[in-house]
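Engineer: One structure follows; several queries about it will come next.
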Amino acid sequence: MDSNIKPVPVTSLEAVIVDLPTIREHRLAMTTMRTQTLVILRLRCADGIEGIGEATTIGGLAYGDQSPESIKLTLDRYVTPLVVGEDARSVNAVMARVARSVQGNALAKSALETALLDAQGKRLGVPVHQLLGGAVRESLPVLWTLASGDSRRDIAEAEELLELRRHKVFKLKIGKRDPRDDVKHVAAIKAALGERAELTVDLNQAWSEAIACRFIPELEAAGVMLVEQPIARENRRGLARLAQRFDVPMMADEAVHSAHDMFDYACHEAADIVALKIGKSGGLLGVLRCAAVADAAGIGCYGGTLLEGSIGSIASAHAFAACATLEWGTELFGPLLLKDDIVVERPGIVNYALALPQAPGLGVALDEDKLSHYSRKH
Ligand code: MUC
Ligand code: MG
């Protein structure tokens, strides 16, 4: 049989939990991070090729309903038996097989699909974005999140990053404190940075609709560029009312995971922008499906993160590079929030943008010593 049509069985899957310290405390409305936990998936194939993937969430179960430990359990106990022996080249068929027997668990599915695409790209000698139909853009603008919890420290951090030409858009994580203090914090940072930087805010669902109506005008007056997920993800009608009421665009994050959610939000004109994330959509192909629905509805796309490390961030970059439109840039800074890494070469951000890797597969290689050093032993 010709080597191109001969199946290449998957021989094993190995999920490793990795704990990495962050460079500083990262304060979000629902948790304060001092470490980030990644689940790294290694998928080995009969032709000797290994694909790697990553599934990462924020703050254990604080952000979503899948924890690093549950992701590993899902992969070990339920996904592995469905995938071993299947043809590694048939990414859609393998993912459909898993979807028939595993409900939900989008993060584990995202790690699997990433590893399959990485392996297939290495097999064919092409970067992952080419497997997705090719890149529409070769580099991606990346913002930085200021979340130390202290206005002066955030301003100093932003000044340093502007000086380095690493970021010129900053996302402020608010929602933990009294709204009056949050608004003062945002206004102080905008006043210090002026026209040199753009600011966005992410409430991570912290406000009620009434509080949002009371304080969004102050955020608008302070000059924020967009407001991300101000209210509970379940309150679709509320977000639609806010989008209708205010000029500043509303971005849906926690509320929109799949293309189905996107369709629902689009039908109800419930957001101006959507934060796409491979982890929410169950992989890179899910992001493209979600983006296609957003495009059809005239909703702007933004390349979001669950603060993945280098593997997840680069996988996201391949998907975001292949999206037809990406009007609002990305936030693929996750690796730079970590003190150390488990890949040989961490992606860098130069002139405010991340360059899309052009090597076969994802274009990222594991550093075996670092992986073993940071992997959870029990
Ligand atoms: C989120 O909700 O957007 C993205 C950047 C960041 O600091 O946290 C994430 C999560
Ligand atoms: Mg968000």
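Convention: chains lettered A, B, ... in structure tokens order; per-chain residue numbering from 1; ligands numbered from 1 as shown.
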Within 10 Å of region 55-63 of chain A, counting only C-alpha atoms, which residues qualify if same-chain residues fewer than 4 places away don't, as a PyMOL selection string?

Structural biologist: chain A and resi 15+17-18+28-41+67-72+106-112+114+204+254+278-280+282-283+305-309+311-312

Engineer: Show which residues sit within 6 Å of Ala115 (chain A), as a CSV table (one decimal) with all heavy atoms, in the first residue's frame. Count only C-alpha atoms, and ignore same-chain residues fewer than 5 positions away.

Structural biologist:
```
chain,number,residue,atom,x,y,z
A,51,GLY,N,3.0,14.0,18.7
A,51,GLY,CA,2.4,15.3,18.7
A,51,GLY,C,2.2,15.8,20.1
A,51,GLY,O,2.0,14.9,21.0
A,52,ILE,N,2.2,17.1,20.3
A,52,ILE,CA,2.0,17.6,21.7
A,52,ILE,C,0.8,18.6,21.7
A,52,ILE,O,0.6,19.2,20.7
A,52,ILE,CB,3.3,18.3,22.3
A,52,ILE,CG1,3.9,19.3,21.3
A,52,ILE,CG2,4.3,17.2,22.7
A,52,ILE,CD1,5.1,20.1,21.9
A,53,GLY,N,0.2,18.5,22.9
A,53,GLY,CA,-1.0,19.4,23.0
A,53,GLY,C,-1.0,19.9,24.5
A,53,GLY,O,-0.3,19.4,25.3
```

Engineer: Give me, as a Markdown table, the closest atom pair and its distance (Å, one decimal) for every residue of chain A within a cut-off of 12 Å of ligand 2, counting only C-alpha atoms and all ligand atoms, rows sorted by chain and rising number.

Structural biologist:
```
| residue | atom | partner | partner_atom_place_in_ligand_line | distance |
| --- | --- | --- | --- | --- |
| A:Leu28 | CA | ligand 2 | 1 (Mg) | 9.5 |
| A:Ala29 | CA | ligand 2 | 1 (Mg) | 10.3 |
| A:Met30 | CA | ligand 2 | 1 (Mg) | 11.3 |
| A:Thr57 | CA | ligand 2 | 1 (Mg) | 11.9 |
| A:Ile58 | CA | ligand 2 | 1 (Mg) | 10.8 |
| A:Tyr63 | CA | ligand 2 | 1 (Mg) | 9.7 |
| A:Gly64 | CA | ligand 2 | 1 (Mg) | 11.5 |
| A:Thr145 | CA | ligand 2 | 1 (Mg) | 10.5 |
| A:Lys171 | CA | ligand 2 | 1 (Mg) | 9.5 |
| A:Leu172 | CA | ligand 2 | 1 (Mg) | 10.2 |
| A:Lys173 | CA | ligand 2 | 1 (Mg) | 8.6 |
| A:Ile174 | CA | ligand 2 | 1 (Mg) | 10.6 |
| A:Gly175 | CA | ligand 2 | 1 (Mg) | 11.7 |
| A:Thr200 | CA | ligand 2 | 1 (Mg) | 10.5 |
| A:Val201 | CA | ligand 2 | 1 (Mg) | 8.8 |
| A:Asp202 | CA | ligand 2 | 1 (Mg) | 5.6 |
| A:Leu203 | CA | ligand 2 | 1 (Mg) | 7.4 |
| A:Asn204 | CA | ligand 2 | 1 (Mg) | 5.6 |
| A:Gln205 | CA | ligand 2 | 1 (Mg) | 8.7 |
| A:Ala206 | CA | ligand 2 | 1 (Mg) | 11.1 |
| A:Leu226 | CA | ligand 2 | 1 (Mg) | 11.5 |
| A:Val227 | CA | ligand 2 | 1 (Mg) | 9.6 |
| A:Glu228 | CA | ligand 2 | 1 (Mg) | 6.0 |
| A:Gln229 | CA | ligand 2 | 1 (Mg) | 6.4 |
| A:Pro230 | CA | ligand 2 | 1 (Mg) | 9.2 |
| A:Ile231 | CA | ligand 2 | 1 (Mg) | 11.2 |
| A:Ala232 | CA | ligand 2 | 1 (Mg) | 11.8 |
| A:Arg233 | CA | ligand 2 | 1 (Mg) | 10.8 |
| A:Met250 | CA | ligand 2 | 1 (Mg) | 11.4 |
| A:Met251 | CA | ligand 2 | 1 (Mg) | 8.5 |
| A:Ala252 | CA | ligand 2 | 1 (Mg) | 7.9 |
| A:Asp253 | CA | ligand 2 | 1 (Mg) | 5.1 |
| A:Glu254 | CA | ligand 2 | 1 (Mg) | 6.6 |
| A:Ala255 | CA | ligand 2 | 1 (Mg) | 9.7 |
| A:Val256 | CA | ligand 2 | 1 (Mg) | 10.7 |
| A:His257 | CA | ligand 2 | 1 (Mg) | 11.8 |
| A:Ile273 | CA | ligand 2 | 1 (Mg) | 11.7 |
| A:Val274 | CA | ligand 2 | 1 (Mg) | 9.8 |
| A:Ala275 | CA | ligand 2 | 1 (Mg) | 7.3 |
| A:Leu276 | CA | ligand 2 | 1 (Mg) | 10.0 |
| A:Lys277 | CA | ligand 2 | 1 (Mg) | 10.0 |
| A:Lys280 | CA | ligand 2 | 1 (Mg) | 11.5 |
| A:Tyr302 | CA | ligand 2 | 1 (Mg) | 10.7 |
| A:Gly303 | CA | ligand 2 | 1 (Mg) | 10.8 |
| A:Gly304 | CA | ligand 2 | 1 (Mg) | 7.5 |
| A:Thr305 | CA | ligand 2 | 1 (Mg) | 8.0 |
| A:Leu306 | CA | ligand 2 | 1 (Mg) | 8.3 |
| A:Leu307 | CA | ligand 2 | 1 (Mg) | 10.3 |
| A:Thr330 | CA | ligand 2 | 1 (Mg) | 11.7 |
| A:Glu331 | CA | ligand 2 | 1 (Mg) | 10.0 |
```

Engineer: Which distance in Å separates CA of Ala271 (chain A) and CA of Gln244 (chain A), to one decimal?

Structural biologist: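 Interatomic distance here is 9.0 Å.
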
Engineer: For CA of Phe246 (chain A) and CA of Tyr265 (chain A), determine how far apart the two atoms are, in Å to one decimal place.

Structural biologist: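 According to the coordinates, CA of Phe246 (chain A) and CA of Tyr265 (chain A) are separated by 17.3 Å.
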